[in-house]
Amino acid sequence: MRRLTAQLRRDTAVPAALPAPKAKQVASWILTPPGDLADGDRDALAQITARCAELDATGDLVREFAGMLCHRRGERLESWPAGPRPARSAN
């Protein structure tokens, strides 16, 4: 009985969930241009932001701010943080 029970436990054991990435790693993913992220990092960021609306909004704000800096659109700065968020495509 003991052997059968041990076998049953091994066969039905739920694998441990992967640990959540550290905040510093997530911040690095958010601050890195999406085209510069490795595929695995891009997927991990997508999973994290799908579970947390605040992180998703943070990523959107960072990308918008980076766009203003890169394209010298400082006139948009005052309305930037409170402005309407564009709808994101479901990639």
# chains A, B, ... in the order shown; residues from 1 in each chain; ligands from 1

call {"tool": "residues_around", "arguments": {"residues": "Ile30 (chain A)", "least_positions_apart": "4", "cutoff": "12 Å", "atoms": "only C-alpha atoms", "output": "PyMOL selection string"}}
result
chain A and resi 23-26+34-37+41-42+44-46+48-49+55-64+66

call {"tool": "select_by_dssp", "arguments": {"residues": "chain A", "states": "alpha helix (DSSP H)", "output": "number ranges by chain"}}
result
A: 2-12, 23-31, 39-51, 53-70

call {"tool": "atom_distance", "arguments": {"atom1": "CA of Pro81 (chain A)", "atom2": "CA of Phe65 (chain A)"}}
result
8.9 Å

call {"tool": "atom_distance", "arguments": {"atom1": "CA of Leu18 (chain A)", "atom2": "CA of Gly40 (chain A)"}}
result
14.0 Å

call {"tool": "closest_residue", "arguments": {"among": "A:Gln47, A:Leu77, A:Ala53, A:Leu69", "to": "Pro21 (chain A)", "atoms": "only C-alpha atoms"}}
result
A:Gln47

call {"tool": "atom_distance", "arguments": {"atom1": "CA of Ala38 (chain A)", "atom2": "CA of Pro19 (chain A)"}}
result
19.3 Å

call {"tool": "decode", "arguments": {"residues": "chain A", "atoms": "C-alpha atoms", "output": "mmCIF file, in the first residue's frame"}}
result
data_model
loop_
_atom_site.group_PDB
_atom_site.id
_atom_site.type_symbol
_atom_site.label_atom_id
_atom_site.label_comp_id
_atom_site.auth_asym_id
_atom_site.auth_seq_id
_atom_site.Cartn_x
_atom_site.Cartn_y
_atom_site.Cartn_z
ATOM 1 C CA MET A 1 0.000 0.000 0.000
ATOM 2 C CA ARG A 2 2.826 2.372 0.848
ATOM 3 C CA ARG A 3 4.464 1.849 -2.562
ATOM 4 C CA LEU A 4 1.205 2.403 -4.400
ATOM 5 C CA THR A 5 0.481 5.555 -2.428
ATOM 6 C CA ALA A 6 3.994 6.904 -3.120
ATOM 7 C CA GLN A 7 3.605 6.136 -6.838
ATOM 8 C CA LEU A 8 0.214 7.845 -6.903
ATOM 9 C CA ARG A 9 1.672 10.948 -5.255
ATOM 10 C CA ARG A 10 4.519 11.095 -7.798
ATOM 11 C CA ASP A 11 2.151 10.633 -10.716
ATOM 12 C CA THR A 12 -0.341 13.271 -9.593
ATOM 13 C CA ALA A 13 2.055 15.844 -8.128
ATOM 14 C CA VAL A 14 1.463 19.355 -9.419
ATOM 15 C CA PRO A 15 4.730 20.948 -10.549
ATOM 16 C CA ALA A 16 5.748 23.976 -8.524
ATOM 17 C CA ALA A 17 4.989 27.310 -10.163
ATOM 18 C CA LEU A 18 7.947 29.269 -11.440
ATOM 19 C CA PRO A 19 8.962 32.038 -9.073
ATOM 20 C CA ALA A 20 7.805 35.515 -10.018
ATOM 21 C CA PRO A 21 10.512 37.667 -11.572
ATOM 22 C CA LYS A 22 12.111 40.269 -9.367
ATOM 23 C CA ALA A 23 10.768 43.820 -9.581
ATOM 24 C CA LYS A 24 14.114 45.032 -10.926
ATOM 25 C CA GLN A 25 13.878 42.538 -13.806
ATOM 26 C CA VAL A 26 10.315 43.589 -14.668
ATOM 27 C CA ALA A 27 11.356 47.257 -14.568
ATOM 28 C CA SER A 28 14.218 46.455 -16.925
ATOM 29 C CA TRP A 29 11.816 44.761 -19.357
ATOM 30 C CA ILE A 30 9.459 47.740 -19.246
ATOM 31 C CA LEU A 31 12.278 50.235 -19.836
ATOM 32 C CA THR A 32 13.790 48.258 -22.725
ATOM 33 C CA PRO A 33 12.387 49.048 -26.183
ATOM 34 C CA PRO A 34 10.139 46.119 -27.182
ATOM 35 C CA GLY A 35 12.219 45.407 -30.291
ATOM 36 C CA ASP A 36 15.347 45.000 -28.162
ATOM 37 C CA LEU A 37 13.854 42.392 -25.811
ATOM 38 C CA ALA A 38 14.697 38.724 -26.246
ATOM 39 C CA ASP A 39 11.704 36.566 -27.171
ATOM 40 C CA GLY A 40 11.623 34.942 -23.727
ATOM 41 C CA ASP A 41 11.734 38.316 -21.969
ATOM 42 C CA ARG A 42 9.011 39.703 -24.247
ATOM 43 C CA ASP A 43 6.805 36.694 -23.457
ATOM 44 C CA ALA A 44 7.466 36.988 -19.721
ATOM 45 C CA LEU A 45 6.592 40.702 -19.803
ATOM 46 C CA ALA A 46 3.385 39.949 -21.699
ATOM 47 C CA GLN A 47 2.390 37.389 -19.070
ATOM 48 C CA ILE A 48 3.130 39.760 -16.194
ATOM 49 C CA THR A 49 1.287 42.713 -17.737
ATOM 50 C CA ALA A 50 -1.692 40.515 -18.631
ATOM 51 C CA ARG A 51 -2.120 39.778 -14.916
ATOM 52 C CA CYS A 52 -1.574 43.329 -13.662
ATOM 53 C CA ALA A 53 -3.376 46.313 -15.193
ATOM 54 C CA GLU A 54 -1.123 48.758 -13.328
ATOM 55 C CA LEU A 55 2.037 47.287 -14.874
ATOM 56 C CA ASP A 56 0.367 47.305 -18.277
ATOM 57 C CA ALA A 57 -0.489 51.002 -17.879
ATOM 58 C CA THR A 58 3.052 51.707 -16.662
ATOM 59 C CA GLY A 59 4.473 50.097 -19.784
ATOM 60 C CA ASP A 60 2.176 52.189 -21.963
ATOM 61 C CA LEU A 61 3.219 55.397 -20.188
ATOM 62 C CA VAL A 62 6.909 54.555 -20.495
ATOM 63 C CA ARG A 63 6.589 53.870 -24.234
ATOM 64 C CA GLU A 64 4.636 57.106 -24.765
ATOM 65 C CA PHE A 65 7.205 59.120 -22.800
ATOM 66 C CA ALA A 66 10.078 57.517 -24.722
ATOM 67 C CA GLY A 67 8.307 58.406 -27.972
ATOM 68 C CA MET A 68 7.987 62.021 -26.878
ATOM 69 C CA LEU A 69 11.693 62.144 -26.040
ATOM 70 C CA CYS A 70 12.886 60.406 -29.209
ATOM 71 C CA HIS A 71 10.660 62.417 -31.537
ATOM 72 C CA ARG A 72 11.005 65.703 -29.630
ATOM 73 C CA ARG A 73 7.318 66.158 -28.953
ATOM 74 C CA GLY A 74 7.552 68.117 -25.735
ATOM 75 C CA GLU A 75 4.283 69.913 -26.479
ATOM 76 C CA ARG A 76 2.496 66.690 -25.510
ATOM 77 C CA LEU A 77 4.109 66.514 -22.084
ATOM 78 C CA GLU A 78 1.401 68.367 -20.137
ATOM 79 C CA SER A 79 -1.399 66.087 -21.302
ATOM 80 C CA TRP A 80 0.696 62.907 -21.318
ATOM 81 C CA PRO A 81 0.067 61.253 -17.920
ATOM 82 C CA ALA A 82 -3.651 62.036 -17.788
ATOM 83 C CA GLY A 83 -4.389 61.633 -21.478
ATOM 84 C CA PRO A 84 -6.525 58.839 -22.901
ATOM 85 C CA ARG A 85 -4.722 55.547 -23.337
ATOM 86 C CA PRO A 86 -4.865 54.150 -26.870
ATOM 87 C CA ALA A 87 -6.404 50.706 -27.221
ATOM 88 C CA ARG A 88 -3.754 48.000 -27.448
ATOM 89 C CA SER A 89 -3.895 45.283 -30.030
ATOM 90 C CA ALA A 90 -4.128 41.720 -28.756
ATOM 91 C CA ASN A 91 -0.813 40.283 -29.954
#
